[in-house]
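J.: Here it is, the structure in full.
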Amino acid sequence: MANAFDRLAARMDLVTAERMGRSVAINGQDYTAVESHLLLEMAQMSGDGISLVVFTPGYSWSRGDQAVLDGQTYMVTRSQMFNGKPQIWLE
C-alpha cells in the first residue's frame with residue numbers, strides 16, 4: 001500500500017468484515033459480505049430490499065447469479081461499486 005490512508009482503509013475493511021461479515025454462497029463459492037436492508041417506501045414498490053457489500057476479493061458479478069444467504073436462495077439483479085467493493089442487490 002502506498003500511503004497511510006490506504007493502509008488505514010484496508011485495516012478498517014478487515015475489521016468490518018470480521019465483525020459484521022456474514023457468509024454468503026454465490027454460485028457455489030463462499031464469500032464474506034456485509035448485509036444492508038433498504039426500506040423502499042419512497043420507490044415504486046414498498047418492501048424490504050437486500051443488498052450485500054462483498055468484502056472477499058475476486059467476486060465479479062453477473063445478473064442472475066445465485067446467492068444463498070441464511071438458507072434462502074436469491075438472484076442477483078444489479079450491482080455497483082461501493083468503496084471499491086461490489087455491492088449487489090438480491091431478489
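In the C-alpha cells, chains take the letters A, B, ... in the order shown, each chain's residues start at 1, and ligands count up from 1 in the order shown.
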So that I can see what lies close to Asn83 (chain A), please list as number ranges by chain the residues with an atom at most 10 Å from it, counting only C-alpha atoms and leaving out residues fewer than 2 positions away in the same chain.
T.: A: 9, 13, 53, 80-81, 85-87
J.: I'd like the neighbourhood of Val76 (chain A) as a ChimeraX atom specification, where a residue qualifies if any of its atoms comes within 12 Å (using only C-alpha atoms), though same-chain residues fewer than 2 positions away should be ignored.
T.: /A:25-27,49-52,60-69,73-74,78-80,86-91
J.: Taking only chain A into account, list the residues labelled strand (DSSP E) by DSSP (computed from the backbone), as a PyMOL selection string.
T.: chain A and resi 22-26+29-39+48-54+66-69+72-82+85-90
J.: Kindly save the residues from that selection, with N, CA and C atoms included, as a tab-separated table (two decimals), in the first residue's frame.
T.:
chain	number	residue	atom	x	y	z
A	22	ARG	N	-20.88	-11.71	6.99
A	22	ARG	CA	-21.64	-12.95	7.02
A	22	ARG	C	-21.24	-13.76	5.80
A	23	SER	N	-21.38	-15.05	5.91
A	23	SER	CA	-21.06	-15.92	4.80
A	23	SER	C	-22.23	-15.98	3.83
A	24	VAL	N	-21.93	-15.82	2.56
A	24	VAL	CA	-22.93	-15.96	1.51
A	24	VAL	C	-22.31	-16.81	0.40
A	25	ALA	N	-23.07	-17.77	-0.08
A	25	ALA	CA	-22.61	-18.59	-1.20
A	25	ALA	C	-23.17	-18.00	-2.48
A	26	ILE	N	-22.28	-17.64	-3.38
A	26	ILE	CA	-22.69	-17.10	-4.67
A	26	ILE	C	-22.17	-18.05	-5.74
A	29	GLN	N	-19.73	-20.63	-4.47
A	29	GLN	CA	-18.48	-20.17	-3.86
A	29	GLN	C	-18.80	-19.33	-2.63
A	30	ASP	N	-18.07	-19.54	-1.53
A	30	ASP	CA	-18.31	-18.79	-0.30
A	30	ASP	C	-17.58	-17.44	-0.33
A	31	TYR	N	-18.31	-16.41	0.08
A	31	TYR	CA	-17.79	-15.05	0.17
A	31	TYR	C	-18.18	-14.46	1.51
A	32	THR	N	-17.44	-13.45	1.95
A	32	THR	CA	-17.82	-12.69	3.13
A	32	THR	C	-18.42	-11.38	2.65
A	33	ALA	N	-19.63	-11.09	3.18
A	33	ALA	CA	-20.33	-9.88	2.76
A	33	ALA	C	-21.00	-9.25	3.97
A	34	VAL	N	-21.23	-7.96	3.89
A	34	VAL	CA	-21.97	-7.23	4.92
A	34	VAL	C	-23.33	-6.91	4.33
A	35	GLU	N	-24.36	-7.29	5.06
A	35	GLU	CA	-25.74	-7.14	4.60
A	35	GLU	C	-26.27	-5.73	4.87
A	36	SER	N	-27.11	-5.27	3.96
A	36	SER	CA	-27.73	-3.96	4.11
A	36	SER	C	-29.18	-4.07	3.69
A	37	HIS	N	-30.10	-3.63	4.53
A	37	HIS	CA	-31.52	-3.64	4.19
A	37	HIS	C	-31.97	-2.23	3.86
A	38	LEU	N	-32.78	-2.12	2.84
A	38	LEU	CA	-33.27	-0.83	2.40
A	38	LEU	C	-34.79	-0.84	2.46
A	39	LEU	N	-35.37	0.15	3.08
A	39	LEU	CA	-36.81	0.28	3.04
A	39	LEU	C	-37.16	1.08	1.79
A	48	ASP	N	-38.91	-4.64	1.62
A	48	ASP	CA	-37.54	-4.68	2.12
A	48	ASP	C	-36.63	-5.21	1.02
A	49	GLY	N	-35.68	-4.40	0.60
A	49	GLY	CA	-34.69	-4.84	-0.38
A	49	GLY	C	-33.42	-5.23	0.33
A	50	ILE	N	-32.74	-6.23	-0.17
A	50	ILE	CA	-31.49	-6.69	0.44
A	50	ILE	C	-30.35	-6.40	-0.51
A	51	SER	N	-29.31	-5.79	0.01
A	51	SER	CA	-28.08	-5.65	-0.75
A	51	SER	C	-26.93	-6.14	0.12
A	52	LEU	N	-25.89	-6.58	-0.53
A	52	LEU	CA	-24.69	-7.07	0.15
A	52	LEU	C	-23.48	-6.35	-0.42
A	53	VAL	N	-22.56	-5.96	0.45
A	53	VAL	CA	-21.27	-5.47	0.01
A	53	VAL	C	-20.31	-6.63	0.19
A	54	VAL	N	-19.74	-7.11	-0.91
A	54	VAL	CA	-18.89	-8.29	-0.89
A	54	VAL	C	-17.46	-7.88	-0.58
A	66	GLN	N	-26.70	-16.81	-8.55
A	66	GLN	CA	-27.50	-17.37	-7.46
A	66	GLN	C	-26.75	-17.16	-6.15
A	67	ALA	N	-27.44	-16.55	-5.18
A	67	ALA	CA	-26.85	-16.28	-3.87
A	67	ALA	C	-27.68	-16.97	-2.80
A	68	VAL	N	-27.00	-17.66	-1.88
A	68	VAL	CA	-27.69	-18.31	-0.76
A	68	VAL	C	-27.24	-17.62	0.52
A	69	LEU	N	-28.21	-17.00	1.20
A	69	LEU	CA	-27.96	-16.26	2.43
A	69	LEU	C	-28.92	-16.79	3.49
A	72	GLN	N	-31.71	-19.15	2.45
A	72	GLN	CA	-32.67	-18.62	1.48
A	72	GLN	C	-31.94	-18.34	0.16
A	73	THR	N	-32.51	-18.76	-0.95
A	73	THR	CA	-31.90	-18.55	-2.26
A	73	THR	C	-32.45	-17.27	-2.90
A	74	TYR	N	-31.53	-16.48	-3.42
A	74	TYR	CA	-31.86	-15.22	-4.09
A	74	TYR	C	-31.18	-15.17	-5.44
A	75	MET	N	-31.58	-14.19	-6.25
A	75	MET	CA	-30.94	-13.93	-7.52
A	75	MET	C	-30.35	-12.51	-7.49
A	76	VAL	N	-29.14	-12.36	-7.99
A	76	VAL	CA	-28.50	-11.05	-8.07
A	76	VAL	C	-29.12	-10.29	-9.24
A	77	THR	N	-29.62	-9.08	-8.96
A	77	THR	CA	-30.30	-8.31	-10.00
A	77	THR	C	-29.49	-7.11	-10.51
A	78	ARG	N	-28.63	-6.56	-9.66
A	78	ARG	CA	-27.80	-5.43	-10.12
A	78	ARG	C	-26.63	-5.26	-9.18
A	79	SER	N	-25.71	-4.41	-9.57
A	79	SER	CA	-24.51	-4.18	-8.77
A	79	SER	C	-23.98	-2.78	-9.04
A	80	GLN	N	-23.26	-2.26	-8.07
A	80	GLN	CA	-22.49	-1.04	-8.23
A	80	GLN	C	-21.29	-1.15	-7.31
A	81	MET	N	-20.30	-0.35	-7.53
A	81	MET	CA	-19.13	-0.36	-6.66
A	81	MET	C	-19.41	0.52	-5.44
A	82	PHE	N	-19.02	0.03	-4.26
A	82	PHE	CA	-19.19	0.75	-3.01
A	82	PHE	C	-17.86	0.69	-2.27
A	85	LYS	N	-15.61	-2.02	-3.51
A	85	LYS	CA	-16.10	-3.39	-3.42
A	85	LYS	C	-17.45	-3.48	-4.11
A	86	PRO	N	-17.78	-4.66	-4.68
A	86	PRO	CA	-19.09	-4.78	-5.33
A	86	PRO	C	-20.22	-4.82	-4.30
A	87	GLN	N	-21.24	-4.02	-4.56
A	87	GLN	CA	-22.47	-4.07	-3.77
A	87	GLN	C	-23.52	-4.66	-4.69
A	88	ILE	N	-24.12	-5.77	-4.26
A	88	ILE	CA	-25.09	-6.46	-5.11
A	88	ILE	C	-26.46	-6.43	-4.48
A	89	TRP	N	-27.49	-6.39	-5.33
A	89	TRP	CA	-28.88	-6.40	-4.87
A	89	TRP	C	-29.48	-7.77	-5.14
A	90	LEU	N	-30.24	-8.27	-4.16
A	90	LEU	CA	-30.82	-9.61	-4.24
A	90	LEU	C	-32.34	-9.53	-4.33
J.: Based on the backbone DSSP call, show me all residues of chain A assigned helix (DSSP H, G or I), as an NGL selection string.
T.: :A and (4-20)
J.: Would you export the selected residues with C-alpha atoms as a PDB file, in the first residue's frame, please?
T.:
ATOM      1  CA  ALA A   4      -1.154   5.784   5.387  1.00  0.00           C
ATOM      2  CA  PHE A   5      -4.737   6.390   4.234  1.00  0.00           C
ATOM      3  CA  ASP A   6      -4.771   3.229   2.079  1.00  0.00           C
ATOM      4  CA  ARG A   7      -3.301   1.182   4.957  1.00  0.00           C
ATOM      5  CA  LEU A   8      -5.939   2.536   7.373  1.00  0.00           C
ATOM      6  CA  ALA A   9      -8.775   1.849   4.898  1.00  0.00           C
ATOM      7  CA  ALA A  10      -7.534  -1.747   4.465  1.00  0.00           C
ATOM      8  CA  ARG A  11      -7.458  -2.241   8.247  1.00  0.00           C
ATOM      9  CA  MET A  12     -10.991  -0.815   8.579  1.00  0.00           C
ATOM     10  CA  ASP A  13     -12.230  -3.184   5.844  1.00  0.00           C
ATOM     11  CA  LEU A  14     -10.650  -6.136   7.659  1.00  0.00           C
ATOM     12  CA  VAL A  15     -12.306  -5.234  10.977  1.00  0.00           C
ATOM     13  CA  THR A  16     -15.664  -4.611   9.275  1.00  0.00           C
ATOM     14  CA  ALA A  17     -15.557  -7.986   7.509  1.00  0.00           C
ATOM     15  CA  GLU A  18     -14.514  -9.813  10.698  1.00  0.00           C
ATOM     16  CA  ARG A  19     -17.126  -8.222  12.975  1.00  0.00           C
ATOM     17  CA  MET A  20     -20.090  -7.638  10.679  1.00  0.00           C
TER      18      MET A  20
END
